[in-house]
Structures are given as structure tokens and as C-alpha cells.
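Shown next, in C-alpha cells, is the structure this report addresses.
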Amino acid sequence: MKQLRQRIMTLVLFFTLFLLIDYYVFQAVITVSRDWTPFWKNGIRYGFWVPTVLAGVALVWWLFADPYKYSATVRTLIFTTLAGAYLSKLFAVLVLFIDDLQRGVRWAIAYFQKSDQPSAAPGEGITRSEFLAKTALVAGTLPFVGMAYGIISGAHDYRVKRTTVYLPNLPKAFDGIKIGQVSDIHSGSFFNKTAVQGGVDMMLGEKPDVIFFTGDLVNNESSEVKDYIHIFDKLKAPLGVYSVTGNHDYGDYKAWASAKDKQQNFQHLIEAHRLMGFDLLMNEHRFIEVDGERIAVLGIENWGAGRFTRYGKLDKAYHGTEDAAVKLLLSHDPSHWDAQVRPLYPDINVAFAGHTHGFQMGVEIGNIRWSPSQYIYKQWGGLYQEGSQYLYVNRGFGYLGYPGRIGMPPELTIVELKRA
């Protein structure tokens with residue numbers, strides 16, 4: 001009963017918010033359509049409220065039905081459309097509010113002026129100006145169009161990012177080794193298998209010597225990757241494919257019927273790595289050997305700062321690699337680097353991470369780099385160096401929540417190691 005009341009209150013709260021936003025924006029629609037013919041005027045004014053009704057239906061469905069009976073694609077589509085529409089309308093509300101604010105100030109000034117002075121310039125009315133009404137509607141439309149473009153064009157617009165790291169202690173046999181990195185696949189969000197296959201083919205076209213996968217194979221359930229195993233099992237490299245788990249791989253964000261079900265889900269995820277040919281490192285290490293020389297690859301379970309879980313045990317993975325000339329670490333969350341890796345393990349040469357997705361939104365043009373991720377993570381995308389240690393943060397192969405990318409395309413990384 002308590003849960004039902006909470007859901008009703010949530011429905012009333014959100015639907016009231018939607019109505020207030022829509023009513024405010026509707027004033028601009030009235031202004032813009034004032035001189036239209038009756039057919040178009042009535043069409044746009046009545047049609048404006050259809051999405052509002054659909055939003056209410058979606059809220060009822062989400063709160064009182066079982067949305068998880070349907071595919072993740074359906075849930076994502078409904079949630080993204082709803083969130084995108086009202087986030088876009090907030091831009092329109094902002095323009096309209098600024099207009100109302102400045103006209104309110106003008107009215108207050110005119111109120112205290114002498115009666116023989118004009119209260120407004122010729123041609124100006126007290127109602128909302130048509131120009132700013134049109135501006136508000138454009139401001140509310142452009143973000144939605146941008147989000148739609150990010151889904152249609154940006155979600156699978158894979159880009160190869162190449163960088164070189166120079167290590168003075170790199171064995172000669174490994175001089176020039178090409179490391180391919182893939183991260184944050186999030187297979188439960190995919191809606192285009194052909195495009196995903198294209199991303200895998202792009203990585204194979206780079207002919208990496210070894211491939212690292214740095215976690216988040218799924219969103220919540222291991223079953224999400226079932227239809228993509230035959231695609232990702234094509235990722236092969238002469239020196240192997242090594243992987244670790246990310247925060248989403250444990251099923252921590254889903255309400256399970258029992259602890260046993262959750263554990264079984266994780267075992268199925270481990271089996272998926274095996275079926276794809278990924279050597280999953282669970283707080284372990286491996287040695288890669290070429291011409292009698294070796295480097296160490298360490299991999300840990302997810303270790304995150306703040307609210308994220310810490311399953312990783314770097315001390316366990318590190319043990320036995322002390323004498324390795326070069327140590328490479330796979331750790332999903334980049335916050336691990338400053339929190340534990342650099343202070344306690346100064347001989348770990350290069351760490352590979354993902355997790356941030358670059359917020360799936362940002363600007364990277366020349367030396368201009370901006371993303372909302374930078375307000376959360378000190379290291380959010382690309383190569384970082386502190387002293388003799390390096391961290392590379394992959395911007396992600398897939399997407400989560402918003403099924404698209406704007407200015408932050410999905411990434412395939414090639415890191416070449418060279419002797420300094």
C-alpha cells in the first residue's frame with residue numbers, strides 16, 4: 001500500500017511538472033499561430049497536447065506496469081523520447097521566462113513613471129512578442145533535433161583514436177607493439193547489429209598485436225550479450241584478448257529475486273567472456289612473451305571511487321609481477337588511477353580504463369576539449385601522464401541511457417608502445 005501511494009505521488013508530481021512546462025510553451029504556440037488559417041491554427045494547438053497525453057500514458061505504464069517485460073530497446077526508446085522532449089522544452093521555457101522577466105521589469109518601471117510619460121514604445125504590446133515566441137520554439141526544437149541526430153548518426157559513428165606511449169624500460173621485442181582497446185560495450189543498448197559488426201571490423205582492420213577490453217559488457221543482465229557473442233568473438237589478436245569487468249557487469253542495478261539469481265547471472269557473464277575468446281582477468285595477471293622477453297598484463301574487477309563498488313584487489317593481481325620490466329593494468333574506472341595505482345604502485349607503467357563514455361556528449365576540436373564528464377572525473381578521455389606513469393581512458397564503444405552520441409563518437413583505441 002505504501003509503495004502504491006509513492007507511485008501515485010510520483011505520477012502526480014511528474015505529470016503536474018509536464019503540464020506546467022507544456023502550458024508555458026503553449027503560450028508561444030498561441031502567439032506564433034495567431035494569424036494562421038483556422039485549419040492550421042486548430043491543428044497545431046490541439047496537436048500540441050497529444051504528446052502530453054502520451055507522456056502521461058508512458059508514466060502510468062512505467063510506474064504501474066512492468067516495463068522490464070519488454071526489450072531494453074523499447075524501454076530506452078520510450079525513456080529517451082520522454083526525457084529528450086521535456087529537456088528540449090526547458091530551453092524554450094528559459095527563453096520565454098527571460099522575455100517575461102524583462103517585460104515585467106519594463107512594466108514596473110513604467111508603473112512608477114509619471115502618467116504623462118509613455119509606458120511603452122510605439123508598436124509594443126503587453127503580450128509576448130512574436131519574435132521571442134518564435135525564438136523560444138526554435139530553442140526548444142533544436143536540442144531535440146540534435147538528440148535525434150545523435151541517435152541516428154552518432155551512436156555507431158566509430159572513430160579510431162591513435163596514440164604512442166614511450167617507455168624507457170620496454171623490452172626490445174615489444175618495441176612498436178600495437179594495443180587495441182575496446183571499452184563499455186553495453187550490449188543491452190544496441191539496436192543495430194550491422195553497425196556493431198562494422199565497429200568490430202574497424203578494430204580488426206587496425207591489426208593490433210593484443211586487444212584489451214576494459215569492462216561493462218552489459219547494462220544489467222548477462223542475457224543482453226547473447227545475440228552479440230558471435231560478433232565480438234571475431235575480436236582476435238596474435239598475443240591474445242584480455243578483459244576485465246565493469247560496474248554494470250555485476251547486476252548491481254537490478255532487483256533480483258534472490259542472491260542466487262544474481263550470482264548465477266554473473267557466472268553467465270563470465271561464461272560469455274569465455275565464449276567470445278576473452279581471457280577474463282579477475283584480480284589476476286598474465287605474462288605476454290615475445291622472443292624470450294616478457295611484459296605483464298594485470299586485470300582487476302571493478303574498483304570505483306565514491307558510490308561505485310570495489311570488487312577489485314590490485315594487490316592480488318600485482319603479486320608475482322614484481323620483476324616484470326613493464327606492467328600494463330586493466331581497470332575499468334579511471335578514478336582508480338589517482339586513488340590507488342599511482343600512490344601505491346609506481347611501477348605500473350600504463351593503465352587502461354573506460355567507464356566515463358565521455359558523457360556521450362562534448363566537443364573535441366584541436367586543443368579544445370570539453371565534456372560534462374570533466375566535472376565528475378579528472379581523467380575522462382584520452383591519454384594522461386603523471387611522472388613516468390600513463391593512463392588511457394577510452395570513451396566507450398557503446399552507450400547507456402541516451403542511445404546516441406553528440407560530438408563524442410564511440411571509440412576504438414590503438415596505443416603503440418615504443419622504447420624511449
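Going by the C-alpha cells order, chains are called A, B, ..., each with residues numbered from 1, while ligands are numbered from 1 in the order shown.
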Residues within 12 Å of segment 357-363 of chain A, please, as a VMD selection string. Count only C-alpha atoms; anything in the same chain fewer than 4 positions from it doesn't count.
chain A and resid 146 to 147 150 to 151 154 to 157 182 to 186 215 to 216 332 to 334 353 367 to 382 393 to 411
Could you please write out, as JSON, numbers by chain, every residue of segment 53-217 of chain A that DSSP assigns to helix (DSSP H, G or I)?
{"A": [53, 54, 55, 56, 57, 58, 59, 60, 61, 62, 63, 64, 67, 68, 69, 72, 73, 74, 75, 76, 77, 78, 79, 80, 81, 82, 83, 84, 85, 86, 87, 88, 89, 90, 91, 92, 93, 94, 95, 96, 97, 98, 99, 100, 101, 102, 103, 104, 105, 106, 107, 108, 109, 110, 111, 112, 130, 131, 132, 133, 134, 135, 136, 137, 138, 139, 140, 141, 142, 143, 144, 145, 146, 147, 148, 149, 150, 151, 152, 153, 154, 172, 173, 174, 187, 188, 189, 193, 194, 195, 196, 197, 198, 199, 200, 201, 202, 203, 204, 205]}
One number please: atom CA of Gly277 of chain A to atom CA of Asp233 of chain A, in Å, one decimal.
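Computed distance, atom CA of Gly277 of chain A to atom CA of Asp233 of chain A, equals 6.0 Å.
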Pick the closest to Leu13 of chain A from A:Gly354, A:Gly306, A:Gly56, A:Pro343: which is it, counting only C-alpha atoms?
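Residue with the minimum atom-to-atom distance to Leu13 of chain A: A:Gly56.
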Within 12 Å of Gln197 of chain A, counting only C-alpha atoms, which residues show up once you throw out same-chain ones fewer than 5 positions away? Write them as a list in words, please.
His156, Tyr158, Phe190, Phe191, Asn192, Met202, Met203, Leu204, Asp227, Tyr228, Ile229, His230, Ile231, Phe232, Asp233, Lys234, Leu235 and Phe397 of chain A
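In this model, the gap between atom CA of Tyr166 of chain A and atom CA of Asp209 of chain A comes to 16.9 Å.
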Using only C-alpha atoms: which of A:Ser243, A:Thr194, A:Gln181, A:Thr52 has the shortest distance to Phe14 of chain A
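Comparing A:Ser243, A:Thr194, A:Gln181, A:Thr52 against Phe14 of chain A, the winner is A:Thr52.
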Using only C-alpha atoms, which of the listed residues (A:Tyr392, A:Tyr24, A:Trp256, A:Tyr242) sits closest to Lys161 of chain A?
A:Tyr392
